[in-house]
Every structure is written in C-alpha cells, then in structure tokens.
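J.: Sharing a structure here in structure tokens format.
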Amino acid sequence: MRPLIVIGNWKMNGSLGSNQDWIKTVARGMESGMPSGRKYAVCPPFPYLQQCADLVKSHSLTFLSLGAQDASAYKSGAYTGDVAASMLKELGCSYVIVGHSERRQMHQEVDEIVSAKALQVLDSDMTPVICVGETADERNSGRAEEIVCAQVAKQVNVLQDRLADCLIAYEPVWAIGTGKVASAQVAQDMHRAIRLQLAEFDEDLASHVGILYGGSVKPDNAVELFAMLDIDGGLVGGASLNPQDFLAICQA
Ligand code: 13P
C-alpha cells in the first residue's frame with residue numbers, strides 16, 4: 001500500500017514573520033491528530049529551512065517533514081549560488097524537489113541535470129521528488145503522454161533501481177498556478193501511463209513508487225484527485241501558502 005503524501009511547495013514566498021504564523025497554525029491544526037498512513041511535508045525557500053526546522057521542533061510538529069525546492073547537481077566545490085544536498089540533509093530535510101518545470105523552463109534544466117540532482121539527493125539519504133509534465137502546446141498537439149513518458153524513461157535510464165527511493169510528481173505545466181486543474185480522470189490516465197512506463201523497467205518497483213499530482217490542487221478538488229487509483233498525493237503550490245488550505249488538503 002502506497003502512503004498518501006502531501007507536499008507544499010512555497011516557491012519564492014514567505015518571510016520570517018509569516019513562516020512563524022504558518023507553522024503555528026498548521027501545528028494547531030495537526031495537534032488533534034491526522035488521518036493515518038499519510039505523510040506531509042513543506043518546502044520553504046533555502047534561507048528559511050533552519051527557521052522552519054526550529055519551529056517544527058518547538059511546536060513538536062511530528063506530522064510535518066521538511067523539504068527543499070532544489071539541490072545542486074554537484075557534491076561540493078566551486079559552484080557559486082548552489083546548495084548541496086548534504087547541506088539540506090544537515091538542516092533536517094527529508095525531501096528535495098528536482099526538475100520542477102519552473103527550473104526546467106527558466107534555468108534550462110534538462111533531464112540529465114535533473115537525474116544528476118536526484119542522485120545527489122539519494123546519496124544524502126533524502127527522497128527526490130522528480131517533476132515531469134507537458135506544456136499546453138504539447139497536450140493540444142496530442143503528445144502529452146509521449147512527452148511525459150520520455151521524461152520518465154530518461155530518469156529510469158540513469159537512476160534504475162534507485163527510483164524505488166524516489167517520488168515522481170506529474171505537474172502539467174498548463175495547470176501550474178493557472179487555476180486550471182487537470183480533471184481527476186486526465187490526471188489518473190497520465191499517472192497510469194507513468195506507472196506503466198516504470199513497469200517496463202521493473203513491475204514491482206512501479207507498483208511501489210509514489211506518483212503525486214501537482215497543478216492548481218485546492219481543498220475543493222483534492223478529494224477527487226486523491227481518490228484516483230494511481231494518484232498518491234499532491235505537490236501543492238499556491239494553496240500551500242495558506243495554512244488553512246494546506247491543512248484542508250492534508251485532510252482531504
Ligand atoms: P500551484 O499549486 O500553484 O498550481 O503550483 C503547483 C506546483 O508547481 C507545485 O510544485
């Protein structure tokens with residue numbers, strides 16, 4: 001049985017003050033217990049990881065893990081501005097998002113870089129959350145599945161068995177930050193296609209890897225999405241900034 005996982009991706013949002021309020025509200029909301037067999041994490045920007053780790057600890061927020069939004073493709077050295085996976089581990093991170101479409105599009109991150117980052121994250125004993133997804137043009141031209149499966153296949157080629165310790169996030173680019181959520185069936189169909197692509201490498205691995213959906217997940221659509229057979233949770237952007245909405249999605 002795959003656990004349901006909800007991960008909040010704050011992107012470049014937050015402040016010392018608002019982070020404090022967010023953790024306090026979420027701690028209060030989670031205090032009375034959460035549905036069992038589920039995992040929750042939040043990915044603040046790098047400079048706030050230590051603060052959030054301290055806040056999680058001081059509120060005894062055992063339900064919530066910490067994640068980062070990216071990691072370097074390199075171990076250490078002369079890479080100005082990069083943050084090594086080992087540093088994120090030291091700060092208490094359990095998850096690291098790699099290959100988000102915003103990084104693929106704005107920072108020219110190709111599949112090879114995404115795999116290199118995932119390997120660094122794995123080497124530091126954290127879970128990479130590998131993002132894949134098609135653009136609106138790719139979907140409109142009927143190539144969505146081909147594009148996404150090719151992205152998955154490239155990760156399989158490099159990561160092989162180590163994919164068993166990764167999560168995949170299907171984030172259709174046209175659904176990110178647009179309010180245009182993929183219908184539960186459209187998302188399920190792509191999650192199924194991703195799982196079949198993984199099964200070509202190893203059926204057992206394919207049945208165990210968690211595949212999260214991301215793209216305009218909100219409290220009012222999370223229930224339907226999470227009910228689908230191959231959707232194992234969500235990677236939540238905008239709605240995760242509001243602690244009440246994040247809580248509602250966690251409880252969906
Ligand atoms: P939104 O939930 O704001 O659409 O963002 C999704 C996302 O990119 C999460 O990584």
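Chains: A, B, ... in order of the structure tokens. Residues: from 1 per chain. Ligands: from 1, in order shown.
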Could you give me the residues within 10 Å of ligand 1, counting only C-alpha atoms and all ligand atoms, as a PyMOL selection string?
T.: chain A and resi 7-11+43+69+97-102+129+131+169-181+213-218+234-241
J.: What are the nearest atom pairs, with distances in Å to one decimal, for all residues of stretch 161-247 of chain A that come at most 12 Å from stretch 108-117 of chain A, using only C-alpha atoms, set out by chain and rising residue number as JSON lines?
T.:
```
{"residue": "A:Arg162", "atom": "CA", "partner": "A:Ser115", "partner_atom": "CA", "distance": 10.9}
{"residue": "A:Leu163", "atom": "CA", "partner": "A:Ser115", "partner_atom": "CA", "distance": 10.3}
{"residue": "A:Cys166", "atom": "CA", "partner": "A:Ser115", "partner_atom": "CA", "distance": 11.1}
```
J.: Which of stretch 49-177 of chain A end up as strand (DSSP E) when DSSP is run on this backbone - answer as an MDAnalysis selection string?
T.: chainID A and resid 64:68 93:98 127:132 167:170
J.: The selected residues should be written to file as a compact mmCIF listing (two decimals), in the first residue's frame (atoms: all heavy atoms).
T.:
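And here is the file that came out, again33.txt:
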```txt
# COMPACT_ATOMS: atom_id res chain seq x y z
N LEU A 64 4.83 16.79 10.40
CA LEU A 64 5.31 17.55 9.24
C LEU A 64 6.81 17.39 9.01
O LEU A 64 7.62 17.69 9.89
CB LEU A 64 4.98 19.04 9.44
CG LEU A 64 5.18 19.93 8.23
CD1 LEU A 64 4.10 19.67 7.17
CD2 LEU A 64 5.18 21.41 8.63
N SER A 65 7.17 16.93 7.82
CA SER A 65 8.59 16.85 7.44
C SER A 65 8.96 18.10 6.66
O SER A 65 8.09 18.84 6.19
CB SER A 65 8.85 15.63 6.55
OG SER A 65 8.47 14.46 7.20
N LEU A 66 10.26 18.26 6.49
CA LEU A 66 10.77 19.43 5.78
C LEU A 66 11.37 18.98 4.44
O LEU A 66 11.97 17.91 4.34
CB LEU A 66 11.87 20.05 6.66
CG LEU A 66 12.06 21.55 6.61
CD1 LEU A 66 10.78 22.28 6.94
CD2 LEU A 66 13.18 21.94 7.55
N GLY A 67 11.18 19.81 3.44
CA GLY A 67 11.79 19.52 2.14
C GLY A 67 12.39 20.78 1.56
O GLY A 67 12.13 21.88 2.05
N ALA A 68 13.20 20.62 0.51
CA ALA A 68 13.77 21.78 -0.18
C ALA A 68 13.27 21.78 -1.63
O ALA A 68 12.78 20.78 -2.12
CB ALA A 68 15.29 21.72 -0.14
N CYS A 93 16.17 18.19 6.16
CA CYS A 93 15.24 17.90 5.05
C CYS A 93 15.11 16.40 4.81
O CYS A 93 16.08 15.65 4.95
CB CYS A 93 15.74 18.55 3.76
SG CYS A 93 15.59 20.33 3.78
N SER A 94 13.92 15.99 4.43
CA SER A 94 13.66 14.60 4.04
C SER A 94 13.39 14.49 2.55
O SER A 94 13.58 13.43 1.95
CB SER A 94 12.44 14.06 4.78
OG SER A 94 12.58 14.22 6.16
N TYR A 95 12.89 15.56 1.94
CA TYR A 95 12.53 15.55 0.52
C TYR A 95 13.23 16.70 -0.20
O TYR A 95 13.47 17.75 0.40
CB TYR A 95 11.02 15.76 0.34
CG TYR A 95 10.15 14.73 1.01
CD1 TYR A 95 9.68 14.90 2.31
CD2 TYR A 95 9.79 13.56 0.34
CE1 TYR A 95 8.88 13.95 2.92
CE2 TYR A 95 8.98 12.61 0.93
CZ TYR A 95 8.53 12.81 2.24
OH TYR A 95 7.73 11.87 2.83
N VAL A 96 13.53 16.50 -1.48
CA VAL A 96 14.03 17.60 -2.30
C VAL A 96 13.35 17.52 -3.67
O VAL A 96 13.40 16.48 -4.34
CB VAL A 96 15.56 17.56 -2.48
CG1 VAL A 96 16.02 18.76 -3.32
CG2 VAL A 96 16.29 17.56 -1.14
N ILE A 97 12.70 18.61 -4.07
CA ILE A 97 12.08 18.69 -5.40
C ILE A 97 13.20 18.87 -6.43
O ILE A 97 14.08 19.71 -6.24
CB ILE A 97 11.11 19.89 -5.46
CG1 ILE A 97 9.99 19.74 -4.42
CG2 ILE A 97 10.53 20.04 -6.86
CD1 ILE A 97 9.15 21.02 -4.24
N VAL A 98 13.16 18.09 -7.49
CA VAL A 98 14.13 18.30 -8.59
C VAL A 98 13.36 18.32 -9.92
O VAL A 98 12.36 17.63 -10.08
CB VAL A 98 15.25 17.23 -8.63
CG1 VAL A 98 16.16 17.33 -7.41
CG2 VAL A 98 14.70 15.82 -8.76
N THR A 127 14.67 11.89 -0.13
CA THR A 127 13.81 11.44 -1.23
C THR A 127 13.70 12.52 -2.30
O THR A 127 13.15 13.60 -2.02
CB THR A 127 12.39 11.13 -0.70
OG1 THR A 127 12.50 10.16 0.34
CG2 THR A 127 11.49 10.60 -1.80
N PRO A 128 14.18 12.26 -3.51
CA PRO A 128 13.96 13.24 -4.58
C PRO A 128 12.50 13.19 -5.04
O PRO A 128 11.94 12.10 -5.14
CB PRO A 128 14.87 12.77 -5.72
CG PRO A 128 15.66 11.61 -5.20
CD PRO A 128 14.96 11.10 -3.98
N VAL A 129 11.94 14.35 -5.28
CA VAL A 129 10.59 14.42 -5.86
C VAL A 129 10.81 14.91 -7.29
O VAL A 129 11.05 16.10 -7.53
CB VAL A 129 9.70 15.40 -5.08
CG1 VAL A 129 8.29 15.42 -5.65
CG2 VAL A 129 9.68 15.05 -3.59
N ILE A 130 10.80 13.98 -8.23
CA ILE A 130 11.18 14.28 -9.61
C ILE A 130 9.96 14.74 -10.39
O ILE A 130 9.00 13.99 -10.56
CB ILE A 130 11.79 13.03 -10.28
CG1 ILE A 130 12.99 12.52 -9.47
CG2 ILE A 130 12.17 13.32 -11.72
CD1 ILE A 130 13.50 11.15 -9.93
N CYS A 131 10.00 15.99 -10.86
CA CYS A 131 8.83 16.54 -11.55
C CYS A 131 8.90 16.31 -13.05
O CYS A 131 9.96 16.48 -13.68
CB CYS A 131 8.74 18.04 -11.30
SG CYS A 131 8.60 18.48 -9.57
N VAL A 132 7.76 15.94 -13.60
CA VAL A 132 7.62 15.78 -15.06
C VAL A 132 6.29 16.44 -15.45
O VAL A 132 5.43 16.65 -14.59
CB VAL A 132 7.62 14.29 -15.48
CG1 VAL A 132 8.96 13.64 -15.19
CG2 VAL A 132 6.49 13.50 -14.78
N LEU A 167 10.16 9.84 -5.44
CA LEU A 167 8.76 10.11 -5.76
C LEU A 167 8.76 10.79 -7.12
O LEU A 167 9.71 11.49 -7.47
CB LEU A 167 8.14 11.07 -4.73
CG LEU A 167 7.94 10.55 -3.31
CD1 LEU A 167 7.53 11.72 -2.40
CD2 LEU A 167 6.88 9.46 -3.29
N ILE A 168 7.67 10.58 -7.87
CA ILE A 168 7.51 11.31 -9.13
C ILE A 168 6.33 12.26 -8.94
O ILE A 168 5.35 11.90 -8.27
CB ILE A 168 7.29 10.32 -10.29
CG1 ILE A 168 8.59 9.56 -10.52
CG2 ILE A 168 6.85 11.06 -11.57
CD1 ILE A 168 8.57 8.56 -11.63
N ALA A 169 6.47 13.47 -9.46
CA ALA A 169 5.34 14.40 -9.41
C ALA A 169 4.95 14.74 -10.84
O ALA A 169 5.77 15.26 -11.60
CB ALA A 169 5.72 15.66 -8.65
N TYR A 170 3.71 14.40 -11.19
CA TYR A 170 3.19 14.79 -12.51
C TYR A 170 2.58 16.18 -12.36
O TYR A 170 1.59 16.36 -11.66
CB TYR A 170 2.15 13.79 -13.02
CG TYR A 170 1.40 14.32 -14.22
CD1 TYR A 170 2.10 14.74 -15.35
CD2 TYR A 170 0.01 14.45 -14.21
CE1 TYR A 170 1.43 15.27 -16.45
CE2 TYR A 170 -0.67 14.97 -15.31
CZ TYR A 170 0.05 15.37 -16.42
OH TYR A 170 -0.61 15.90 -17.51
```
J.: Please compute the atom CA of A:Gln151-atom CA of A:Asp165 distance, one decimal, in Å.
T.: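 The value is 17.6 Å.
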J.: Which residue, A:Gln155, A:Gln244, A:Asn13, A:Asn221, has the smallest gap to A:Ala182 when you use only C-alpha atoms?
T.: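 Looking only at the distances to A:Ala182, the closest residue turns out to be A:Asn221.
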J.: Between A:Ala144, A:Ala187, A:Met1, A:Cys250, which one has atoms that come closest to A:Ala41, using only C-alpha atoms?
T.: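 Among the listed residues, the smallest separation from A:Ala41 belongs to A:Cys250.
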J.: Given the choices A:Ser183, A:Pro35, A:Gly210, A:Pro47, which gets closest to A:Arg195 if the distance is worked out from only C-alpha atoms?
T.: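 The answer is A:Gly210, which sits nearest to A:Arg195.
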J.: Mind checking DSSP for stretch 62-225 of chain A and telling me the helix (DSSP H, G or I) residues as JSON, numbers by chain?
T.: {"A": [85, 86, 87, 88, 89, 90, 101, 102, 103, 104, 105, 106, 111, 112, 113, 114, 115, 116, 117, 118, 119, 120, 121, 122, 123, 136, 137, 138, 139, 140, 144, 145, 146, 147, 148, 149, 150, 151, 152, 153, 154, 155, 156, 157, 158, 159, 160, 161, 162, 163, 164, 165, 173, 174, 175, 184, 185, 186, 187, 188, 189, 190, 191, 192, 193, 194, 195, 196, 197, 198, 199, 200, 201, 203, 204, 205, 206, 207, 208, 219, 220, 221, 222, 223, 224, 225]}
J.: Rank nothing, just name the residue among A:Leu88, A:Ile147, A:Val26, A:Leu4 nearest to A:Asp245, using only C-alpha atoms.
T.: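 Going through A:Leu88, A:Ile147, A:Val26, A:Leu4 one by one, the smallest distance to A:Asp245 is for A:Val26.
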J.: Any idea what the distance is between atom CA of A:Ala73 and atom CA of A:Val148?
T.: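 Interatomic distance, atom CA of A:Ala73 to atom CA of A:Val148: 21.7 Å.
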J.: What gap, in Å, lies between atom CA of A:Ala27 and atom CA of A:Ala252?
T.: 17.2 Å
J.: Tell me which protein, DNA and RNA residues are within 9 Å of A:Tyr48, counting only C-alpha atoms, leaving out same-chain ones fewer than 6 positions away, and put them as a PDB file with N, CA and C atoms, in the first residue's frame.
T.:
```
ATOM      1  N   GLY A  14       7.131  33.705   1.341  1.00  0.00           N
ATOM      2  CA  GLY A  14       7.351  33.544   2.777  1.00  0.00           C
ATOM      3  C   GLY A  14       8.187  34.678   3.327  1.00  0.00           C
ATOM      4  N   SER A  15       8.200  34.790   4.647  1.00  0.00           N
ATOM      5  CA  SER A  15       9.035  35.769   5.359  1.00  0.00           C
ATOM      6  C   SER A  15       9.200  35.224   6.768  1.00  0.00           C
ATOM      7  N   LEU A  16      10.155  35.773   7.505  1.00  0.00           N
ATOM      8  CA  LEU A  16      10.386  35.252   8.865  1.00  0.00           C
ATOM      9  C   LEU A  16       9.087  35.294   9.676  1.00  0.00           C
ATOM     10  N   ASN A  19       6.204  32.862   8.127  1.00  0.00           N
ATOM     11  CA  ASN A  19       6.535  31.436   8.327  1.00  0.00           C
ATOM     12  C   ASN A  19       6.153  30.992   9.735  1.00  0.00           C
TER      13      ASN A  19
END
```
J.: Neighbouring residues of A:Gln188 were defined as those with any atom within 8 Å, considering only C-alpha atoms; residues of the same chain fewer than 3 positions away were excluded. Please report them as a ChimeraX atom specification.
T.: /A:184-185,191-192,225,228-231
J.: Since we have the selection now, will you write its residues out, keeping all heavy atoms, as a PDB file, in the first residue's frame?
T.:
```
ATOM      1  N   ALA A 184      -9.707  14.857 -12.621  1.00  0.00           N
ATOM      2  CA  ALA A 184      -9.181  13.680 -11.927  1.00  0.00           C
ATOM      3  C   ALA A 184      -8.900  12.560 -12.920  1.00  0.00           C
ATOM      4  O   ALA A 184      -7.900  11.849 -12.804  1.00  0.00           O
ATOM      5  CB  ALA A 184     -10.176  13.232 -10.864  1.00  0.00           C
ATOM      6  N   GLN A 185      -9.725  12.436 -13.953  1.00  0.00           N
ATOM      7  CA  GLN A 185      -9.533  11.346 -14.927  1.00  0.00           C
ATOM      8  C   GLN A 185      -8.310  11.600 -15.812  1.00  0.00           C
ATOM      9  O   GLN A 185      -7.527  10.684 -16.077  1.00  0.00           O
ATOM     10  CB  GLN A 185     -10.801  11.153 -15.768  1.00  0.00           C
ATOM     11  CG  GLN A 185     -10.806   9.848 -16.566  1.00  0.00           C
ATOM     12  CD  GLN A 185     -10.621   8.599 -15.684  1.00  0.00           C
ATOM     13  OE1 GLN A 185     -11.348   8.424 -14.696  1.00  0.00           O
ATOM     14  NE2 GLN A 185      -9.627   7.758 -15.991  1.00  0.00           N
ATOM     15  N   HIS A 191      -1.016   9.373 -14.736  1.00  0.00           N
ATOM     16  CA  HIS A 191      -0.343   8.637 -13.652  1.00  0.00           C
ATOM     17  C   HIS A 191      -0.230   7.157 -14.019  1.00  0.00           C
ATOM     18  O   HIS A 191       0.793   6.512 -13.760  1.00  0.00           O
ATOM     19  CB  HIS A 191      -1.103   8.811 -12.332  1.00  0.00           C
ATOM     20  CG  HIS A 191      -0.848  10.131 -11.680  1.00  0.00           C
ATOM     21  ND1 HIS A 191      -0.504  10.267 -10.360  1.00  0.00           N
ATOM     22  CD2 HIS A 191      -0.865  11.387 -12.190  1.00  0.00           C
ATOM     23  CE1 HIS A 191      -0.333  11.555 -10.078  1.00  0.00           C
ATOM     24  NE2 HIS A 191      -0.551  12.250 -11.162  1.00  0.00           N
ATOM     25  N   ARG A 192      -1.269   6.639 -14.643  1.00  0.00           N
ATOM     26  CA  ARG A 192      -1.270   5.227 -15.083  1.00  0.00           C
ATOM     27  C   ARG A 192      -0.168   5.035 -16.137  1.00  0.00           C
ATOM     28  O   ARG A 192       0.588   4.071 -16.096  1.00  0.00           O
ATOM     29  CB  ARG A 192      -2.654   4.908 -15.669  1.00  0.00           C
ATOM     30  CG  ARG A 192      -2.878   3.461 -15.996  1.00  0.00           C
ATOM     31  CD  ARG A 192      -3.208   2.671 -14.733  1.00  0.00           C
ATOM     32  NE  ARG A 192      -2.719   1.317 -14.846  1.00  0.00           N
ATOM     33  CZ  ARG A 192      -2.219   0.606 -13.850  1.00  0.00           C
ATOM     34  NH1 ARG A 192      -2.122   1.096 -12.637  1.00  0.00           N
ATOM     35  NH2 ARG A 192      -1.807  -0.605 -14.042  1.00  0.00           N
ATOM     36  N   LEU A 225      -9.161  14.121  -6.665  1.00  0.00           N
ATOM     37  CA  LEU A 225      -7.857  13.721  -7.235  1.00  0.00           C
ATOM     38  C   LEU A 225      -7.249  12.568  -6.428  1.00  0.00           C
ATOM     39  O   LEU A 225      -6.811  11.561  -6.999  1.00  0.00           O
ATOM     40  CB  LEU A 225      -6.895  14.918  -7.222  1.00  0.00           C
ATOM     41  CG  LEU A 225      -7.135  16.001  -8.276  1.00  0.00           C
ATOM     42  CD1 LEU A 225      -6.404  17.288  -7.887  1.00  0.00           C
ATOM     43  CD2 LEU A 225      -6.669  15.528  -9.655  1.00  0.00           C
ATOM     44  N   MET A 228      -8.208   8.834  -6.828  1.00  0.00           N
ATOM     45  CA  MET A 228      -7.867   8.044  -8.027  1.00  0.00           C
ATOM     46  C   MET A 228      -6.791   7.004  -7.678  1.00  0.00           C
ATOM     47  O   MET A 228      -5.890   7.256  -6.871  1.00  0.00           O
ATOM     48  CB  MET A 228      -7.373   8.955  -9.155  1.00  0.00           C
ATOM     49  CG  MET A 228      -8.358  10.036  -9.577  1.00  0.00           C
ATOM     50  SD  MET A 228     -10.041   9.477  -9.887  1.00  0.00           S
ATOM     51  CE  MET A 228      -9.917   8.870 -11.549  1.00  0.00           C
ATOM     52  N   LEU A 229      -6.896   5.884  -8.363  1.00  0.00           N
ATOM     53  CA  LEU A 229      -6.081   4.707  -8.054  1.00  0.00           C
ATOM     54  C   LEU A 229      -4.567   4.964  -8.094  1.00  0.00           C
ATOM     55  O   LEU A 229      -3.824   4.486  -7.239  1.00  0.00           O
ATOM     56  CB  LEU A 229      -6.441   3.599  -9.053  1.00  0.00           C
ATOM     57  CG  LEU A 229      -6.071   2.193  -8.669  1.00  0.00           C
ATOM     58  CD1 LEU A 229      -6.807   1.791  -7.397  1.00  0.00           C
ATOM     59  CD2 LEU A 229      -6.427   1.230  -9.803  1.00  0.00           C
ATOM     60  N   ASP A 230      -4.120   5.722  -9.092  1.00  0.00           N
ATOM     61  CA  ASP A 230      -2.671   5.913  -9.262  1.00  0.00           C
ATOM     62  C   ASP A 230      -2.180   7.274  -8.781  1.00  0.00           C
ATOM     63  O   ASP A 230      -1.029   7.638  -9.021  1.00  0.00           O
ATOM     64  CB  ASP A 230      -2.288   5.698 -10.728  1.00  0.00           C
ATOM     65  CG  ASP A 230      -2.402   4.228 -11.096  1.00  0.00           C
ATOM     66  OD1 ASP A 230      -1.577   3.437 -10.603  1.00  0.00           O
ATOM     67  OD2 ASP A 230      -3.344   3.858 -11.835  1.00  0.00           O
ATOM     68  N   ILE A 231      -3.051   8.029  -8.126  1.00  0.00           N
ATOM     69  CA  ILE A 231      -2.636   9.339  -7.582  1.00  0.00           C
ATOM     70  C   ILE A 231      -2.358   9.168  -6.089  1.00  0.00           C
ATOM     71  O   ILE A 231      -3.248   8.841  -5.317  1.00  0.00           O
ATOM     72  CB  ILE A 231      -3.711  10.416  -7.854  1.00  0.00           C
ATOM     73  CG1 ILE A 231      -3.915  10.558  -9.375  1.00  0.00           C
ATOM     74  CG2 ILE A 231      -3.296  11.751  -7.231  1.00  0.00           C
ATOM     75  CD1 ILE A 231      -4.882  11.650  -9.795  1.00  0.00           C
TER      76      ILE A 231
END
```
J.: For stretch 29-31 of chain A, list every protein, DNA or RNA residue within 8 Å, evaluated using only C-alpha atoms, and leave out those in the same chain fewer than 6 positions away; present the list as a PyMOL selection string.
T.: chain A and resi 61+63+247
J.: Within 7 Å of A:Ser124, counting only C-alpha atoms, which residues show up once you throw out same-chain ones fewer than 2 positions away? Write them as a PyMOL selection string, please.
T.: chain A and resi 85-86+89+120-122+126
J.: Which is closer to A:Lys75 than all the others in A:Ile211, A:Val42, A:Ile5, A:Leu119, using only C-alpha atoms?
T.: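 Of A:Ile211, A:Val42, A:Ile5, A:Leu119, the one nearest A:Lys75 is A:Leu119, counting only C-alpha atoms.
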